[in-house]
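Coordinates from entry-v9.pdb are shown below (PDB, C-alpha atoms, pLDDT in the B column).
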ATOM      1  CA  MET I 543      81.583 183.989  20.042  1.00 86.00           C
ATOM      2  CA  TRP I 544      84.062 183.221  17.254  1.00 91.00           C
ATOM      3  CA  VAL I 545      84.912 180.031  15.383  1.00 91.00           C
ATOM      4  CA  GLU I 546      88.137 179.583  13.406  1.00 88.00           C
ATOM      5  CA  VAL I 547      88.073 177.223  10.402  1.00 85.00           C
ATOM      6  CA  SER I 548      91.123 176.198   8.366  1.00 81.00           C
ATOM      7  CA  MET I 549      90.618 176.710   4.647  1.00 80.00           C
ATOM      8  CA  ARG I 550      92.611 175.709   1.586  1.00 76.00           C
ATOM      9  CA  ASN I 551      96.084 177.253   1.107  1.00 75.00           C
ATOM     10  CA  GLN I 552      96.376 177.897   4.850  1.00 74.00           C
ATOM     11  CA  HIS I 553      93.713 180.623   4.795  1.00 81.00           C
ATOM     12  CA  LYS I 554      91.595 181.122   7.893  1.00 85.00           C
ATOM     13  CA  PHE I 555      87.840 181.681   8.108  1.00 87.00           C
ATOM     14  CA  TYR I 556      86.408 183.358  11.207  1.00 91.00           C
ATOM     15  CA  ALA I 557      82.671 183.189  11.910  1.00 92.00           C
ATOM     16  CA  GLY I 558      81.286 185.280  14.750  1.00 94.00           C
ATOM     17  CA  GLY I 559      77.925 185.809  16.394  1.00 94.00           C
ATOM     18  CA  PHE I 560      76.710 188.855  18.312  1.00 94.00           C
ATOM     19  CA  TYR I 561      73.624 189.725  20.339  1.00 91.00           C
ATOM     20  CA  HIS I 562      72.866 193.255  21.510  1.00 88.00           C
ATOM     21  CA  GLN I 563      70.170 193.465  24.154  1.00 85.00           C
ATOM     22  CA  PRO I 564      67.574 196.064  23.125  1.00 83.00           C
ATOM     23  CA  SER I 565      67.579 197.557  26.617  1.00 80.00           C
ATOM     24  CA  GLY I 566      71.327 197.128  27.160  1.00 73.00           C
ATOM     25  CA  ASN I 567      74.123 199.654  26.955  1.00 76.00           C
ATOM     26  CA  GLY I 568      74.742 199.618  23.208  1.00 73.00           C
ATOM     27  CA  VAL I 569      77.956 201.619  23.330  1.00 80.00           C
ATOM     28  CA  MET I 570      79.506 199.288  25.925  1.00 87.00           C
ATOM     29  CA  GLN I 571      78.382 196.113  24.125  1.00 90.00           C
ATOM     30  CA  LEU I 572      79.724 197.431  20.830  1.00 89.00           C
ATOM     31  CA  GLY I 573      83.000 198.272  22.583  1.00 90.00           C
ATOM     32  CA  ASP I 574      83.256 194.616  23.615  1.00 91.00           C
ATOM     33  CA  LEU I 575      82.454 193.552  20.053  1.00 91.00           C
ATOM     34  CA  ASN I 576      85.175 195.855  18.745  1.00 90.00           C
ATOM     35  CA  LYS I 577      87.729 194.291  21.133  1.00 91.00           C
ATOM     36  CA  SER I 578      86.943 190.843  19.778  1.00 90.00           C
ATOM     37  CA  LEU I 579      87.103 192.114  16.188  1.00 88.00           C
ATOM     38  CA  GLN I 580      90.498 193.694  16.886  1.00 87.00           C
ATOM     39  CA  TYR I 581      91.693 190.357  18.260  1.00 87.00           C
ATOM     40  CA  ILE I 582      90.552 188.575  15.089  1.00 84.00           C
ATOM     41  CA  LYS I 583      92.227 191.275  13.000  1.00 82.00           C
ATOM     42  CA  GLN I 584      95.570 190.855  14.810  1.00 80.00           C
ATOM     43  CA  LYS I 585      95.526 187.047  15.076  1.00 73.00           C
ATOM     44  CA  PRO I 586      96.697 185.993  11.607  1.00 58.00           C
ATOM     45  CA  ARG I 587      99.495 188.494  11.063  1.00 62.00           C
ATOM     46  CA  ASN I 588     101.172 186.147   8.607  1.00 59.00           C
ATOM     47  CA  ASN I 589      97.883 185.428   6.822  1.00 63.00           C
ATOM     48  CA  PRO I 590      96.230 188.563   5.425  1.00 70.00           C
ATOM     49  CA  ASN I 591      93.821 186.441   3.365  1.00 78.00           C
ATOM     50  CA  ARG I 592      91.517 185.715   6.275  1.00 85.00           C
ATOM     51  CA  THR I 593      87.761 185.704   5.764  1.00 89.00           C
ATOM     52  CA  VAL I 594      85.548 187.207   8.460  1.00 91.00           C
ATOM     53  CA  ILE I 595      81.783 186.790   8.691  1.00 92.00           C
ATOM     54  CA  LEU I 596      79.902 188.356  11.601  1.00 95.00           C
ATOM     55  CA  GLY I 597      76.187 187.914  12.086  1.00 94.00           C
ATOM     56  CA  GLY I 598      73.621 188.399  14.759  1.00 92.00           C
ATOM     57  CA  ASP I 599      70.869 190.409  16.344  1.00 91.00           C
ATOM     58  CA  PHE I 600      72.273 193.911  16.695  1.00 92.00           C
ATOM     59  CA  ASN I 601      68.918 195.526  17.592  1.00 89.00           C
ATOM     60  CA  LEU I 602      69.975 198.839  16.020  1.00 91.00           C
ATOM     61  CA  GLY I 603      67.206 199.438  13.513  1.00 90.00           C
ATOM     62  CA  ASP I 604      67.739 203.166  12.991  1.00 92.00           C
ATOM     63  CA  ILE I 605      70.507 202.679  10.430  1.00 94.00           C
ATOM     64  CA  ASP I 606      69.885 203.171   6.721  1.00 93.00           C
ATOM     65  CA  TRP I 607      72.288 200.550   5.377  1.00 93.00           C
ATOM     66  CA  GLU I 608      72.062 201.767   1.784  1.00 91.00           C
ATOM     67  CA  ASN I 609      73.658 205.080   2.833  1.00 92.00           C
ATOM     68  CA  GLU I 610      75.312 203.953   6.096  1.00 93.00           C
ATOM     69  CA  SER I 611      73.591 206.773   7.933  1.00 94.00           C
ATOM     70  CA  VAL I 612      71.616 207.003  11.172  1.00 95.00           C
ATOM     71  CA  ASP I 613      68.128 208.442  11.546  1.00 94.00           C
ATOM     72  CA  PRO I 614      68.659 211.845  13.234  1.00 93.00           C
ATOM     73  CA  SER I 615      65.766 211.174  15.629  1.00 93.00           C
ATOM     74  CA  SER I 616      67.273 207.869  16.828  1.00 91.00           C
ATOM     75  CA  THR I 617      67.441 207.294  20.585  1.00 90.00           C
ATOM     76  CA  LYS I 618      70.441 205.013  19.954  1.00 89.00           C
ATOM     77  CA  LYS I 619      72.344 207.353  17.643  1.00 91.00           C
ATOM     78  CA  SER I 620      75.660 206.935  19.477  1.00 90.00           C
ATOM     79  CA  ALA I 621      75.533 203.123  19.321  1.00 91.00           C
ATOM     80  CA  CYS I 622      74.444 203.181  15.661  1.00 92.00           C
ATOM     81  CA  ASP I 623      77.275 205.551  14.719  1.00 93.00           C
ATOM     82  CA  ARG I 624      79.765 203.413  16.612  1.00 92.00           C
ATOM     83  CA  LEU I 625      78.644 200.221  14.843  1.00 94.00           C
ATOM     84  CA  ILE I 626      78.998 201.848  11.428  1.00 95.00           C
ATOM     85  CA  GLN I 627      82.480 203.095  12.354  1.00 93.00           C
ATOM     86  CA  HIS I 628      83.616 199.683  13.678  1.00 92.00           C
ATOM     87  CA  LEU I 629      82.510 197.983  10.465  1.00 93.00           C
ATOM     88  CA  ARG I 630      84.270 200.627   8.335  1.00 93.00           C
ATOM     89  CA  ASP I 631      87.487 200.397  10.376  1.00 89.00           C
ATOM     90  CA  LEU I 632      87.656 196.647   9.809  1.00 87.00           C
ATOM     91  CA  HIS I 633      86.523 196.793   6.163  1.00 91.00           C
ATOM     92  CA  LEU I 634      83.375 194.777   6.876  1.00 94.00           C
ATOM     93  CA  SER I 635      80.404 195.197   4.554  1.00 95.00           C
ATOM     94  CA  GLN I 636      76.891 194.793   5.947  1.00 94.00           C
ATOM     95  CA  LEU I 637      75.030 192.679   3.388  1.00 94.00           C
ATOM     96  CA  GLN I 638      71.619 192.050   4.967  1.00 88.00           C
ATOM     97  CA  LYS I 639      69.174 194.647   3.583  1.00 89.00           C
ATOM     98  CA  GLU I 640      65.773 193.016   4.198  1.00 87.00           C
ATOM     99  CA  PRO I 641      63.822 193.944   7.350  1.00 86.00           C
ATOM    100  CA  THR I 642      63.878 191.271  10.033  1.00 87.00           C
ATOM    101  CA  ARG I 643      61.357 192.804  12.456  1.00 87.00           C
ATOM    102  CA  GLU I 644      58.637 195.403  11.950  1.00 85.00           C
ATOM    103  CA  ARG I 645      60.152 196.816   8.722  1.00 86.00           C
ATOM    104  CA  ARG I 646      63.519 197.380  10.443  1.00 85.00           C
ATOM    105  CA  VAL I 647      66.873 195.728   9.753  1.00 85.00           C
ATOM    106  CA  LEU I 648      67.864 194.484  13.216  1.00 89.00           C
ATOM    107  CA  ASP I 649      69.726 191.306  12.247  1.00 90.00           C
ATOM    108  CA  LEU I 650      72.906 191.778  10.243  1.00 93.00           C
ATOM    109  CA  LEU I 651      75.385 189.783   8.196  1.00 93.00           C
ATOM    110  CA  CYS I 652      78.787 191.450   7.765  1.00 95.00           C
ATOM    111  CA  THR I 653      81.902 190.237   5.968  1.00 94.00           C
ATOM    112  CA  ASN I 654      85.215 191.447   4.606  1.00 93.00           C
ATOM    113  CA  LYS I 655      84.659 189.383   1.427  1.00 92.00           C
ATOM    114  CA  PRO I 656      81.147 190.111   0.127  1.00 93.00           C
ATOM    115  CA  SER I 657      81.824 188.302  -3.161  1.00 92.00           C
ATOM    116  CA  LEU I 658      81.766 184.982  -1.269  1.00 89.00           C
ATOM    117  CA  VAL I 659      78.116 185.488  -0.299  1.00 91.00           C
ATOM    118  CA  LYS I 660      75.995 184.398  -3.242  1.00 91.00           C
ATOM    119  CA  LEU I 661      72.483 184.926  -1.855  1.00 89.00           C
ATOM    120  CA  ILE I 662      70.865 186.307   1.297  1.00 90.00           C
ATOM    121  CA  THR I 663      67.216 185.813   2.147  1.00 86.00           C
ATOM    122  CA  THR I 664      65.072 186.018   5.235  1.00 86.00           C
ATOM    123  CA  ILE I 665      62.586 183.438   6.398  1.00 84.00           C
ATOM    124  CA  ARG I 666      60.097 183.443   9.200  1.00 88.00           C
ATOM    125  CA  GLY I 667      62.037 182.854  12.394  1.00 77.00           C
ATOM    126  CA  ILE I 668      61.200 181.076  15.624  1.00 79.00           C
ATOM    127  CA  SER I 669      61.159 184.343  17.577  1.00 83.00           C
ATOM    128  CA  ASP I 670      59.808 187.800  16.827  1.00 83.00           C
ATOM    129  CA  HIS I 671      62.604 188.305  14.253  1.00 86.00           C
ATOM    130  CA  ASP I 672      62.890 186.815  10.791  1.00 85.00           C
ATOM    131  CA  ALA I 673      65.956 184.584  10.297  1.00 86.00           C
ATOM    132  CA  ILE I 674      68.736 185.289   7.811  1.00 85.00           C
ATOM    133  CA  ILE I 675      69.749 182.541   5.401  1.00 86.00           C
ATOM    134  CA  ALA I 676      73.008 183.085   3.508  1.00 89.00           C
ATOM    135  CA  ASP I 677      74.391 180.941   0.716  1.00 88.00           C
ATOM    136  CA  SER I 678      78.143 181.288   0.440  1.00 86.00           C
ATOM    137  CA  ASP I 679      81.004 179.863  -1.576  1.00 80.00           C
ATOM    138  CA  ILE I 680      83.249 178.777   1.294  1.00 77.00           C
ATOM    139  CA  ARG I 681      84.866 175.349   1.381  1.00 72.00           C
ATOM    140  CA  PRO I 682      86.786 174.181   4.455  1.00 69.00           C
ATOM    141  CA  VAL I 683      89.654 171.727   4.454  1.00 67.00           C
ATOM    142  CA  HIS I 684      88.667 168.355   5.875  1.00 72.00           C
ATOM    143  CA  ASN I 685      91.439 166.862   7.978  1.00 73.00           C
ATOM    144  CA  LYS I 686      91.195 163.095   7.877  1.00 80.00           C
ATOM    145  CA  LYS I 687      92.619 161.316  10.873  1.00 83.00           C
ATOM    146  CA  LYS I 688      94.756 158.212  10.406  1.00 85.00           C
ATOM    147  CA  PRO I 689      92.909 155.047  11.376  1.00 87.00           C
ATOM    148  CA  ARG I 690      94.057 153.784  14.731  1.00 87.00           C
ATOM    149  CA  ASN I 691      94.716 150.229  15.809  1.00 86.00           C
ATOM    150  CA  ILE I 692      92.386 148.861  18.435  1.00 87.00           C
ATOM    151  CA  HIS I 693      93.644 145.731  20.113  1.00 85.00           C
ATOM    152  CA  ILE I 694      90.990 143.212  21.126  1.00 87.00           C
ATOM    153  CA  PHE I 695      92.584 141.524  24.094  1.00 84.00           C
ATOM    154  CA  SER I 696      89.839 138.921  24.426  1.00 87.00           C
ATOM    155  CA  LYS I 697      90.955 137.429  21.082  1.00 87.00           C
ATOM    156  CA  ALA I 698      94.671 137.297  21.935  1.00 86.00           C
ATOM    157  CA  ASN I 699      96.560 134.006  21.920  1.00 87.00           C
ATOM    158  CA  TRP I 700      97.673 134.257  25.546  1.00 86.00           C
ATOM    159  CA  THR I 701      99.320 130.837  25.588  1.00 87.00           C
ATOM    160  CA  ASN I 702     101.588 131.731  22.672  1.00 87.00           C
ATOM    161  CA  MET I 703     102.372 135.157  24.177  1.00 83.00           C
ATOM    162  CA  LYS I 704     103.371 133.583  27.522  1.00 85.00           C
ATOM    163  CA  SER I 705     105.674 131.117  25.782  1.00 86.00           C
ATOM    164  CA  VAL I 706     107.365 133.951  23.826  1.00 85.00           C
ATOM    165  CA  ILE I 707     107.922 135.963  27.025  1.00 87.00           C
ATOM    166  CA  ILE I 708     109.308 132.981  28.964  1.00 84.00           C
ATOM    167  CA  THR I 709     111.824 132.012  26.261  1.00 72.00           C
TER     168      THR I 709
END
Take the structure in this file and express it as structure tokens.
Amino acid sequence: MWVEVSMRNQHKFYAGGFYHQPSGNGVMQLGDLNKSLQYIKQKPRNNPNRTVILGGDFNLGDIDWENESVDPSSTKKSACDRLIQHLRDLHLSQLQKEPTRERRVLDLLCTNKPSLVKLITTIRGISDHDAIIADSDIRPVHNKKKPRNIHIFSKANWTNMKSVIIT
């Protein structure tokens, strides 16, 4: 799922969420993720200053994010390698380094503008994973709608209106 937010100076901010089932086909699911990332990459051709943040439960805990390498004994090596390559291809940095379940980093926060993320912490979640909390320096543009006129017909001067129409 992706959300597009209009920012100042006509910049766009794209926020996406991803869930990889632990028992699912990781390579296929990551292929679908890559398609959506390619769409986001191509969308603002005239606006290269887009900001992309992708987060979610990737369930690929065999990646050493400090070195962007996969544990050689991983049973999901292909999916882990593919995720690392997709993030590199799109210039996304994975910022979440704290374990979110059983000393493994399963939940990720990735962005093409890491300087906008001021602080990342984890807190106890409502499931078996810890939750990621990110503090960022992103300010959307608030579009204010013009007030609209609402006519209250029960307060109309119908007698006067009828006389105007007749004459």
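Nearest-residue note for Val545 of chain I: choosing from I:Asn685, I:Ser578, I:Ser565, I:Asn699, the minimum distance belongs to I:Ser578, counting only C-alpha atoms.
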Can you list, as a PyMOL selection string, every protein, DNA or RNA residue that comes within 9 Å of Tyr556 of chain I when you count all atoms listed in the file, leaving out same-chain residues fewer than 3 positions away?
chain I and resi 544-547+582+592-596
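Closest to Gln552 of chain I among I:Asn567, I:Leu579, I:Asn591, I:Glu608 is I:Asn591, based on all atoms listed in the file.
Evaluated against the shown file, the PyMOL selection byres ((chain I and resi 655) around 12) gives Phe555, Tyr556, Asn591, Arg592, Thr593, Val594, Ile595, Leu596, Leu632, His633, Leu634, Ser635, Gln636, Leu637, Leu651, Cys652, Thr653, Asn654, Pro656, Ser657, Leu658, Val659, Lys660, Ser678, Asp679 and Ile680 of chain I.
The nearest approach to Ser620 of chain I among the residues I:Gly573, I:Gly568, I:Ile665, I:Gly598, with only C-alpha atoms taken into account, belongs to I:Gly568.
You will find atom CA of Thr642 of chain I at 7.0 Å from atom CA of Ala673 of chain I.
Closest to Asp649 of chain I among I:Met543, I:Leu575, I:Leu602, I:Met570 is I:Leu602, based on only C-alpha atoms.
Atom pair atom CA of Lys619 of chain I / atom CA of Asp670 of chain I: separated by 23.2 Å.
Take the candidates I:Gly566, I:Asp606, I:Leu572, I:Asp672 and check each one against Arg624 of chain I using all atoms listed in the file; the shortest distance goes to I:Leu572.
Proximity to Asp623 of chain I at 12 Å, evaluated using only C-alpha atoms and with sequence-adjacent residues fewer than 2 positions away removed, yields Gly568, Val569, Leu572, Leu602, Gly603, Asp604, Ile605, Asp606, Trp607, Glu610, Ser611, Val612, Asp613, Pro614, Ser616, Thr617, Lys618, Lys619, Ser620, Ala621, Leu625, Ile626, Gln627, His628, Leu629 and Arg630 of chain I.
Here the question is which of I:Val706, I:Gly597, I:Arg681, I:Pro689 gets nearest to Arg550 of chain I using all atoms listed in the file, and that residue is I:Arg681.
For the atom pair formed by atom CA of Ile662 of chain I and atom CA of Cys622 of chain I, the distance is 22.4 Å, given to one decimal.
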What's around Asp599 of chain I at 7 Å? Count all atoms listed in the file, leave out sequence neighbours fewer than 2 positions away in its own chain, and write the answer as a count of residues only.
7
Is there a way to get, as JSON, numbers by chain, all residues within 7 Å of the point (71.7, 189.2, 0.5) in file coordinates, counting only C-alpha atoms?
{"I": [637, 638, 639, 661, 662, 663, 676]}
Segment 676-680 of chain I: axis-aligned bounding box, 6 Å on each side, centre and edge lengths in Å, one decimal, as lines of an AutoDock Vina configuration file:
center_x = 78.1
center_y = 180.9
center_z = 1.0
size_x = 22.2
size_y = 16.3
size_z = 17.1
For Asn551 of chain I, find every residue with an atom within 10 Å (counting all atoms listed in the file), except residues of its own chain fewer than 2 positions away, and show them as a ChimeraX atom specification.
/I:548-549,553-554,591,683
